[in-house]
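Trainee: Below you will find the structure I want to go over with you.
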2 protein chains.
Amino acid sequence: MQLKNQVEWALHCCAILAGLGPDRHLPTKDLAELHGVPKEYLSKALQALSQAGIVEGTLGPSGGYRLARPAGAITFLNIVEAVEGRQSSFVCTEIRKNNPCRGSMSPAAAGDSRPCAIARVMWEADRAWRASLDGVTLAELAKTLEKTVPAPLLKKTAAWVEART
Amino acid sequence: MQLKNQVEWALHCCAILAGLGPDRHLPTKDLAELHGVPKEYLSKALQALSQAGIVEGTLGPSGGYRLARPAGAITFLNIVEAVEGRQSSFVCTEIRKNNPCRGSMSPAAAGDSRPCAIARVMWEADRAWRASLDGVTLAELAKTLEKTVPAPLLKKTAAWVEART
DNA sequence: TCTATTAAGGATATCAAATATCCGTAATAA
DNA sequence: TTATTACGGATATTTGATATCCTTAATAGA
């Protein structure tokens with residue numbers, strides 16, 4: 001079980017966009033070159049972010065993407081769910097016959113409206129995962145970066161961004 | 001991102017085995033029929049559980065599987081990790097060039113031993129997921145089943161198990 | 001001893017999803 | 001008018017999950 005690599009790309013792109021000045025944009029092409037990933041495929045991830053209202057794109061020359069809301073109002077969970085979807089990592093299929101732990105998918109068919117006890121444990125863990133991701137915003141990530149990443153590296157990136165906007 | 005269906009099968013099989021009397025066994029064939037899943041493929045999951053020391057198999061007629069330890073000493077995490085592996089759902093690839101958030105995979109190559117800040121957030125969420133799974137044992141599941149599953153269903157299963165052992 | 005049963009595991013086939021590429025359309029700044 | 005860009009549809013490629021087949025060795029029971 002592994003998250004799509006688009007999740008990693010989306011998180012890094014958002015981190016970069018969070019450091020952008022107001023009303024400035026970065027096009028897919030630059031973001032792809034920065035991270036060394038295929039432009040066309042990264043574009044799909046950015047489109048997902050756009051549809052989720054996390055980033056917004058503007059057309060034409062000097063267009064590109066920027067955050068659609070303040071970095072403090074965007075959590076990791078928002079980004080992960082935009083790319084990866086909201087379905088739990090555990091899917092309870094209707095396991096048949098004698099098994100006492102019925103699924104909750106079709107209570108009528110199962111003759112029991114109570115959710116599968118095993119599924120409930122798995123879903124609770126999924127909830128804990130999402131709660132953890134929902135507890136960190138892009139703004140807090142930026143603070144962490146300042147503390148843990150060597151200054152020269154940050155300046156290098158800042159200069160790179162500056163040169164493109 | 002989705003867990004393998006083998007995880008669900010393994011959890012249900014362990015739940016059944018937890019209700020078994022001491023020194024009794026259930027073969028793969030019966031477990032597969034009970035759940036309505038392919039025997040050969042379920043066998044792979046049971047082998048993984050066996051290698052992890054969660055169940056133990058005995059050969060020959062009247063052989064099969066049983067739990068290798070008390071149900072109170074087996075957590076959901078044990079079972080999930082036996083089948084799904086221990087690698088985090090988030091993999092931090094070395095994203096190249098100017099990006100300030102370096103990977104922690106090859107600090108030497110990155111010239112920086114600090115782990116990627118984005119990866120740390122994702123890994124923390126993964127840790128929360130595993131902690132949640134590690135907080136529930138098979139014994140506790142059995143208690144939940146007694147409370148939430150209608151008695152006739154439990155009796156039906158008990159009778160089924162009884163007929164096979 | 002013989003036979004049926006079983007776990008274990010290697011090899012391989014099948015299928016679904018992730019990954020990646022290509023192309024057309026419409027909008028827009030210069 | 002032109003170059004640039006987001007957006008989205010269609011499709012190819014690759015990878016991993018799913019599934020099947022077969023052999024081997026152990027073991028209980030006849």
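Going through the structure tokens in order, the chains are called A, B, and so on, while each chain numbers its residues from 1 and the ligands are numbered from 1 in the order shown.
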Report as JSON, numbers by chain all protein, DNA and RNA residues lying within 9 Å of stretch 67-75 of chain A, evaluated on only C-alpha atoms (C1' of nucleotides), omitting residues in the same chain fewer than 2 positions from it.

Mentor: {"A": [14, 15, 17, 18, 19, 20, 25, 50, 53, 54, 55, 56, 57, 65, 77, 78, 79, 80, 133, 134, 135, 136, 137, 138, 139, 140, 142]}

Trainee: Just the selected residues (N, CA and C atoms), exported as a short mmCIF file (atom, residue, chain, number, x, y, z; two decimals), in the first residue's frame, please.

Mentor:
```
data_model
loop_
_atom_site.label_atom_id
_atom_site.label_comp_id
_atom_site.auth_asym_id
_atom_site.auth_seq_id
_atom_site.Cartn_x
_atom_site.Cartn_y
_atom_site.Cartn_z
N CYS A 14 2.85 22.78 -3.51
CA CYS A 14 2.13 23.69 -2.63
C CYS A 14 3.09 24.42 -1.70
N ALA A 15 4.12 23.69 -1.24
CA ALA A 15 5.10 24.33 -0.37
C ALA A 15 5.81 25.47 -1.10
N LEU A 17 4.56 27.14 -3.74
CA LEU A 17 3.57 28.20 -3.99
C LEU A 17 3.30 29.02 -2.73
N ALA A 18 3.43 28.35 -1.57
CA ALA A 18 3.18 29.06 -0.31
C ALA A 18 4.23 30.15 -0.08
N GLY A 19 5.39 30.00 -0.70
CA GLY A 19 6.44 30.98 -0.52
C GLY A 19 6.41 32.09 -1.55
N LEU A 20 5.40 32.04 -2.40
CA LEU A 20 5.28 33.02 -3.48
C LEU A 20 4.69 34.33 -2.97
N HIS A 25 2.52 33.98 -9.97
CA HIS A 25 2.14 32.64 -10.42
C HIS A 25 3.38 31.85 -10.85
N SER A 50 -6.56 22.16 -8.25
CA SER A 50 -7.37 23.28 -8.72
C SER A 50 -8.86 22.99 -8.51
N GLY A 53 -10.05 23.45 -5.13
CA GLY A 53 -10.05 24.81 -4.61
C GLY A 53 -8.85 25.14 -3.75
N ILE A 54 -7.77 24.37 -3.91
CA ILE A 54 -6.56 24.62 -3.14
C ILE A 54 -5.63 25.57 -3.88
N VAL A 55 -5.53 25.38 -5.18
CA VAL A 55 -4.78 26.33 -6.01
C VAL A 55 -5.72 26.87 -7.08
N GLU A 56 -5.30 27.96 -7.73
CA GLU A 56 -6.08 28.42 -8.88
C GLU A 56 -5.12 28.77 -10.00
N GLY A 57 -5.54 28.41 -11.20
CA GLY A 57 -4.69 28.63 -12.36
C GLY A 57 -5.17 29.79 -13.20
N TYR A 65 0.07 28.85 -11.65
CA TYR A 65 -0.72 28.55 -10.44
C TYR A 65 -0.28 29.41 -9.26
N LEU A 77 -3.96 17.40 4.90
CA LEU A 77 -5.08 16.53 4.53
C LEU A 77 -5.80 17.05 3.29
N ASN A 78 -5.98 18.38 3.21
CA ASN A 78 -6.63 18.95 2.04
C ASN A 78 -5.92 18.53 0.76
N ILE A 79 -4.60 18.60 0.79
CA ILE A 79 -3.81 18.30 -0.39
C ILE A 79 -3.83 16.80 -0.70
N VAL A 80 -3.63 16.01 0.34
CA VAL A 80 -3.61 14.55 0.15
C VAL A 80 -4.95 14.06 -0.40
N LEU A 133 -2.94 14.42 9.67
CA LEU A 133 -2.63 15.24 8.48
C LEU A 133 -3.38 16.57 8.51
N ASP A 134 -4.55 16.57 9.13
CA ASP A 134 -5.35 17.79 9.18
C ASP A 134 -4.82 18.76 10.21
N GLY A 135 -3.85 18.30 11.02
CA GLY A 135 -3.32 19.14 12.08
C GLY A 135 -2.14 19.99 11.67
N VAL A 136 -1.71 19.87 10.42
CA VAL A 136 -0.56 20.64 9.95
C VAL A 136 -0.93 21.43 8.70
N THR A 137 -0.71 22.73 8.76
CA THR A 137 -1.00 23.58 7.60
C THR A 137 0.28 23.91 6.84
N LEU A 138 0.13 24.43 5.65
CA LEU A 138 1.29 24.85 4.87
C LEU A 138 2.07 25.95 5.57
N ALA A 139 1.35 26.78 6.32
CA ALA A 139 2.03 27.87 7.04
C ALA A 139 2.96 27.29 8.11
N GLU A 140 2.48 26.24 8.79
CA GLU A 140 3.31 25.61 9.82
C GLU A 140 4.50 24.88 9.19
N ALA A 142 6.08 25.87 6.57
CA ALA A 142 7.06 26.91 6.24
C ALA A 142 7.92 27.25 7.46
#
```

Trainee: Based on only C-alpha atoms (C1' of nucleotides), which of the residues in chain B come within 12 Å of chain C? I want them as a compact mmCIF listing (two decimals) with C-alpha atoms, in the first residue's frame.

Mentor:
```txt
# COMPACT_ATOMS: atom_id res chain seq x y z
CA MET B 1 -4.27 3.96 -2.13
CA GLN B 2 -5.85 0.83 -0.79
CA HIS B 25 -6.90 -26.28 13.94
CA LEU B 26 -8.66 -25.00 10.83
CA PRO B 27 -7.22 -25.74 7.39
CA THR B 28 -6.94 -23.18 4.60
CA LYS B 29 -9.65 -24.96 2.65
CA ASP B 30 -12.27 -24.37 5.34
CA GLU B 40 -4.67 -20.79 -3.10
CA SER B 43 -2.94 -19.48 1.50
CA LYS B 44 -0.35 -16.80 0.72
CA ALA B 45 -1.78 -14.52 3.38
CA LEU B 46 -1.81 -17.33 5.93
CA GLN B 47 1.79 -18.13 5.09
CA ALA B 48 2.68 -14.49 5.76
CA SER B 50 2.81 -17.91 9.84
CA GLN B 51 6.17 -16.37 9.00
CA VAL B 55 -0.38 -18.25 13.46
CA GLU B 56 1.20 -21.66 13.22
CA GLY B 57 0.37 -24.41 10.78
CA THR B 58 0.50 -28.15 11.31
CA LEU B 59 0.71 -30.68 8.51
CA GLY B 60 -1.27 -33.76 7.74
CA PRO B 61 -4.92 -34.73 8.09
CA SER B 62 -6.68 -32.83 10.88
CA GLY B 63 -3.95 -30.22 10.51
CA GLY B 64 -4.41 -26.56 9.68
CA TYR B 65 -3.83 -23.27 11.42
```

Trainee: Which residue gives the smallest distance to chain B among A:Ala10, A:Ala125, A:Cys116, A:Ala163, with only C-alpha atoms counted?

Mentor: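 With only C-alpha atoms as the atom set, the closest residue is A:Ala125.
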
Trainee: I need the helix (DSSP H, G or I) residues of chain B per DSSP on the backbone, written as a ChimeraX atom specification.

Mentor: /B:5-18,28-35,39-51,71-73,76-84,107-110,117-133,138-148,151-164

Trainee: How many Å separate atom CA of B:Ala117 from atom CA of A:Leu141?

Mentor: 7.2 Å

Trainee: What are the closest atom pairs, with distances in Å to one decimal, for each residue of chain D lying within 6 Å of chain B, using only C-alpha atoms (C1' of nucleotides), rows by chain and rising residue number, as a tab-separated table?

Mentor:
```
residue	atom	partner	partner_atom	distance
D:DA26	C1'	B:Leu59	CA	5.9
D:DT27	C1'	B:Gly60	CA	4.4
D:DA28	C1'	B:Pro61	CA	5.4
```

Trainee: Save the residues we just selected, N, CA, C and O atoms (P, O5', C5', C4', C3', O3' and C1' of nucleotides), as a PDB file, in the first residue's frame?

Mentor:
```
ATOM      1  P    DA D  26      10.503 -33.356   5.794  1.00  0.00           P
ATOM      2  O5'  DA D  26       9.283 -33.364   6.819  1.00  0.00           O
ATOM      3  C5'  DA D  26       8.695 -32.118   7.161  1.00  0.00           C
ATOM      4  C4'  DA D  26       7.242 -32.333   7.527  1.00  0.00           C
ATOM      5  C3'  DA D  26       7.005 -33.434   8.567  1.00  0.00           C
ATOM      6  O3'  DA D  26       6.351 -32.858   9.687  1.00  0.00           O
ATOM      7  C1'  DA D  26       5.497 -33.641   6.738  1.00  0.00           C
ATOM      8  P    DT D  27       6.325 -33.614  11.118  1.00  0.00           P
ATOM      9  O5'  DT D  27       4.882 -34.282  11.127  1.00  0.00           O
ATOM     10  C5'  DT D  27       3.753 -33.478  10.818  1.00  0.00           C
ATOM     11  C4'  DT D  27       2.535 -34.355  10.630  1.00  0.00           C
ATOM     12  C3'  DT D  27       2.491 -35.587  11.544  1.00  0.00           C
ATOM     13  O3'  DT D  27       1.220 -35.640  12.138  1.00  0.00           O
ATOM     14  C1'  DT D  27       1.998 -36.186   9.342  1.00  0.00           C
ATOM     15  P    DA D  28       1.068 -36.071  13.709  1.00  0.00           P
ATOM     16  O5'  DA D  28      -0.470 -36.467  13.786  1.00  0.00           O
ATOM     17  C5'  DA D  28      -1.419 -35.629  13.148  1.00  0.00           C
ATOM     18  C4'  DA D  28      -2.439 -36.472  12.412  1.00  0.00           C
ATOM     19  C3'  DA D  28      -2.962 -37.667  13.208  1.00  0.00           C
ATOM     20  O3'  DA D  28      -4.372 -37.651  13.187  1.00  0.00           O
ATOM     21  C1'  DA D  28      -2.200 -38.378  11.066  1.00  0.00           C
TER      22       DA D  28
END
```

Trainee: Check every residue of chain A for an atom within 8 Å of chain B, counting only C-alpha atoms, and provide those that qualify as a PyMOL selection string.

Mentor: chain A and resi 1-5+8+11-12+34-36+84+88-92+95-101+114+117-118+121-122+124-126+128-130+132-133+136+141+144-145+148-149+153-154+156-157+160

Trainee: Write down as a VMD selection string the residues of stretch 24-132 of chain A whose backbone DSSP state falls under strand (DSSP E).

Mentor: chain A and resid 55 to 58 64 to 67

Trainee: Restrict the selected residues to N, CA and C atoms and save them as a short mmCIF file (atom, residue, chain, number, x, y, z; two decimals), in the first residue's frame.

Mentor:
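Writing the result to result21.cif gives the following:
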```cif
data_model
loop_
_atom_site.label_atom_id
_atom_site.label_comp_id
_atom_site.auth_asym_id
_atom_site.auth_seq_id
_atom_site.Cartn_x
_atom_site.Cartn_y
_atom_site.Cartn_z
N VAL A 55 -5.53 25.38 -5.18
CA VAL A 55 -4.78 26.33 -6.01
C VAL A 55 -5.72 26.87 -7.08
N GLU A 56 -5.30 27.96 -7.73
CA GLU A 56 -6.08 28.42 -8.88
C GLU A 56 -5.12 28.77 -10.00
N GLY A 57 -5.54 28.41 -11.20
CA GLY A 57 -4.69 28.63 -12.36
C GLY A 57 -5.17 29.79 -13.20
N THR A 58 -4.23 30.51 -13.78
CA THR A 58 -4.60 31.58 -14.71
C THR A 58 -3.93 31.32 -16.04
N GLY A 64 -0.16 30.73 -14.72
CA GLY A 64 0.34 29.62 -13.91
C GLY A 64 -0.53 29.42 -12.70
N TYR A 65 0.07 28.85 -11.65
CA TYR A 65 -0.72 28.55 -10.44
C TYR A 65 -0.28 29.41 -9.26
N ARG A 66 -1.24 29.62 -8.36
CA ARG A 66 -0.95 30.19 -7.05
C ARG A 66 -1.93 29.57 -6.06
N LEU A 67 -1.67 29.71 -4.78
CA LEU A 67 -2.60 29.19 -3.78
C LEU A 67 -3.93 29.95 -3.86
#
```

Trainee: How many Å separate atom CA of B:Val83 from atom CA of B:Leu31?

Mentor: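 Result for atom CA of B:Val83 versus atom CA of B:Leu31: 16.6 Å, one decimal.
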